[in-house]
Amino acid sequence: MAKGSCFVCSSRVMEEGLLLSHLKRKHIRSGIEKCCFIKISSTDNPKDYWLYIDMPLDSRLAELDEFLRQIWLECCGHMSSFYVGNTEVGKKRFISEFNVGESLRYEYDFGLTTELKIDFISQSYRQPYESPVRLLGRNEPKLYSCTCCGADAVYVCSECFWDQENPFYCEDCAKEDALHAEFMLLIANSPRMGICAYGGRLDKWDVSAKRHAI
């Protein structure tokens with residue numbers, strides 16, 4: 001299970017359960033703005049990719065959609081939707097319309113789909129914040145080794161991603177592999193890593209992200 005970091009006080013690195021307790025104890029209990037404390041996780045890899053956020057009750061799903069695109073998903077402007085069960089939920093819906101204990105399903109890209117689970121954990125409070133979505137905690141990025149030489153990997157091959165056990169490459173080996181050069185994408189702290197054209201370039205929250213170019 002991936003460890004995580006607190007983005008409010010920069011506490012690093014702790015198990016997810018300890019981070020959750022830390023957030024509940026220190027960061028979602030005071031303030032004048034009533035919010036919902038929310039967990040977002042990858043449906044396919046929930047132990048590796050997860051986020052904790054809060055949002056004011058008068059904010060909308062459209063604002064959550066925009067945040068998810070920036071931190072985890074946006075590659076080519078694909079469509080996305082929220083669902084309760086199999087029923088689509090409009091993005092104009094307010095956060096206040098969902099109850100604590102309820103969950104939503106979210107899909108980005110209806111071809112190479114990335115699916116997320118959104119859990120409304122509890123009511124919370126915060127001081128006024130510049131953005132509707134405040135990132136509270138996040139999993140630490142996974143580390144990968146180059147399939148060729150074992151060095152720290154920087155790229156993932158989107159062609160090898162589907163049928164090769166280790167589709168990751170370091171800077172030097174990525175440059176030498178002319179056959180797959182056009183398929184190399186930056187490794188990203190995201191459940192969409194290696195899919196379509198995703199490279200995490202909008203993810204301003206991933207302070208450890210490496211920005212390279214072949």
# chains A, B, ... in the order shown; residues from 1 in each chain; ligands from 1
call {"tool": "residues_around", "arguments": {"residues": "segment 177-182 of chain A", "least_positions_apart": "3", "cutoff": "9 Å", "atoms": "only C-alpha atoms", "output": "PyMOL selection string"}}
result
chain A and resi 157-160+172-174+185+214
call {"tool": "select_by_dssp", "arguments": {"residues": "segment 22-153 of chain A", "states": "alpha helix (DSSP H)", "output": "MDAnalysis selection string"}}
result
chainID A and resid 22:26 61:68
call {"tool": "write_last_selection", "arguments": {"atoms": "N, CA and C atoms", "output": "PDB file, in the first residue's frame"}}
result
ATOM      1  N   HIS A  22      -4.516  11.875  10.918  1.00  0.00           N
ATOM      2  CA  HIS A  22      -3.845  13.173  11.002  1.00  0.00           C
ATOM      3  C   HIS A  22      -4.731  14.276  10.426  1.00  0.00           C
ATOM      4  N   LEU A  23      -5.316  14.029   9.256  1.00  0.00           N
ATOM      5  CA  LEU A  23      -6.172  15.028   8.619  1.00  0.00           C
ATOM      6  C   LEU A  23      -7.416  15.301   9.450  1.00  0.00           C
ATOM      7  N   LYS A  24      -8.027  14.250   9.971  1.00  0.00           N
ATOM      8  CA  LYS A  24      -9.232  14.420  10.787  1.00  0.00           C
ATOM      9  C   LYS A  24      -8.931  15.168  12.083  1.00  0.00           C
ATOM     10  N   ARG A  25      -7.768  14.933  12.641  1.00  0.00           N
ATOM     11  CA  ARG A  25      -7.406  15.529  13.932  1.00  0.00           C
ATOM     12  C   ARG A  25      -6.973  16.981  13.798  1.00  0.00           C
ATOM     13  N   LYS A  26      -6.281  17.317  12.693  1.00  0.00           N
ATOM     14  CA  LYS A  26      -5.635  18.626  12.608  1.00  0.00           C
ATOM     15  C   LYS A  26      -6.194  19.582  11.557  1.00  0.00           C
ATOM     16  N   LEU A  61     -20.106  19.523  -8.837  1.00  0.00           N
ATOM     17  CA  LEU A  61     -19.332  18.416  -9.394  1.00  0.00           C
ATOM     18  C   LEU A  61     -18.469  18.870 -10.573  1.00  0.00           C
ATOM     19  N   ALA A  62     -18.896  19.891 -11.284  1.00  0.00           N
ATOM     20  CA  ALA A  62     -18.099  20.404 -12.396  1.00  0.00           C
ATOM     21  C   ALA A  62     -16.729  20.875 -11.917  1.00  0.00           C
ATOM     22  N   GLU A  63     -16.674  21.440 -10.712  1.00  0.00           N
ATOM     23  CA  GLU A  63     -15.399  21.901 -10.163  1.00  0.00           C
ATOM     24  C   GLU A  63     -14.534  20.727  -9.730  1.00  0.00           C
ATOM     25  N   LEU A  64     -15.152  19.668  -9.267  1.00  0.00           N
ATOM     26  CA  LEU A  64     -14.414  18.451  -8.948  1.00  0.00           C
ATOM     27  C   LEU A  64     -13.883  17.811 -10.228  1.00  0.00           C
ATOM     28  N   ASP A  65     -14.679  17.802 -11.267  1.00  0.00           N
ATOM     29  CA  ASP A  65     -14.259  17.271 -12.570  1.00  0.00           C
ATOM     30  C   ASP A  65     -13.012  17.993 -13.073  1.00  0.00           C
ATOM     31  N   GLU A  66     -12.992  19.306 -12.978  1.00  0.00           N
ATOM     32  CA  GLU A  66     -11.852  20.089 -13.437  1.00  0.00           C
ATOM     33  C   GLU A  66     -10.601  19.758 -12.624  1.00  0.00           C
ATOM     34  N   PHE A  67     -10.744  19.618 -11.314  1.00  0.00           N
ATOM     35  CA  PHE A  67      -9.613  19.257 -10.460  1.00  0.00           C
ATOM     36  C   PHE A  67      -9.056  17.882 -10.834  1.00  0.00           C
ATOM     37  N   LEU A  68      -9.932  16.904 -11.028  1.00  0.00           N
ATOM     38  CA  LEU A  68      -9.490  15.554 -11.368  1.00  0.00           C
ATOM     39  C   LEU A  68      -8.762  15.525 -12.706  1.00  0.00           C
TER      40      LEU A  68
END
call {"tool": "select_by_dssp", "arguments": {"residues": "chain A", "states": "strand (DSSP E)", "output": "JSON, numbers by chain"}}
result
{"A": [4, 5, 6, 33, 34, 35, 36, 37, 38, 39, 40, 41, 42, 50, 51, 52, 53, 54, 55, 56, 80, 81, 82, 83, 84, 87, 88, 89, 103, 104, 105, 106, 107, 108, 114, 115, 116, 117, 118, 119, 120, 121, 122, 123, 124, 125, 126, 134, 135, 136, 137, 138, 139, 155, 156, 157, 168, 169, 184, 185, 186]}
call {"tool": "atom_distance", "arguments": {"atom1": "atom CA of Pro56 of chain A", "atom2": "atom CA of Ser96 of chain A"}}
result
8.2 Å
call {"tool": "residues_around", "arguments": {"residues": "Asp44 of chain A", "least_positions_apart": "5", "cutoff": "9 Å", "atoms": "only C-alpha atoms", "output": "list of chain:residue names"}}
result
A:Thr114, A:Glu115, A:Leu116, A:Pro191
call {"tool": "closest_residue", "arguments": {"among": "A:Ser103, A:Cys76, A:Ser145, A:Lys34", "to": "Pro128 of chain A", "atoms": "only C-alpha atoms"}}
result
A:Lys34
call {"tool": "residues_around", "arguments": {"residues": "Ala197 of chain A", "least_positions_apart": "5", "cutoff": "10 Å", "atoms": "only C-alpha atoms", "output": "list in words"}}
result
Leu73, Glu74, Cys75, Cys76, Ser158, Phe183, Met184, Leu185, Leu186 and Arg192 of chain A
call {"tool": "residues_around", "arguments": {"residues": "Ile71 of chain A", "least_positions_apart": "4", "cutoff": "10 Å", "atoms": "only C-alpha atoms", "output": "PyMOL selection string"}}
result
chain A and resi 51+66-67+135+188-190+200-206
call {"tool": "closest_residue", "arguments": {"among": "A:Thr87, A:Glu33, A:Pro46, A:Tyr198", "to": "Tyr129 of chain A", "atoms": "only C-alpha atoms"}}
result
A:Glu33
call {"tool": "closest_residue", "arguments": {"among": "A:Arg69, A:Arg60, A:Lys117, A:Arg126", "to": "Tyr83 of chain A", "atoms": "only C-alpha atoms"}}
result
A:Lys117
call {"tool": "closest_residue", "arguments": {"among": "A:Tyr49, A:Phe7, A:Tyr155, A:Phe82", "to": "Tyr108 of chain A", "atoms": "only C-alpha atoms"}}
result
A:Phe82
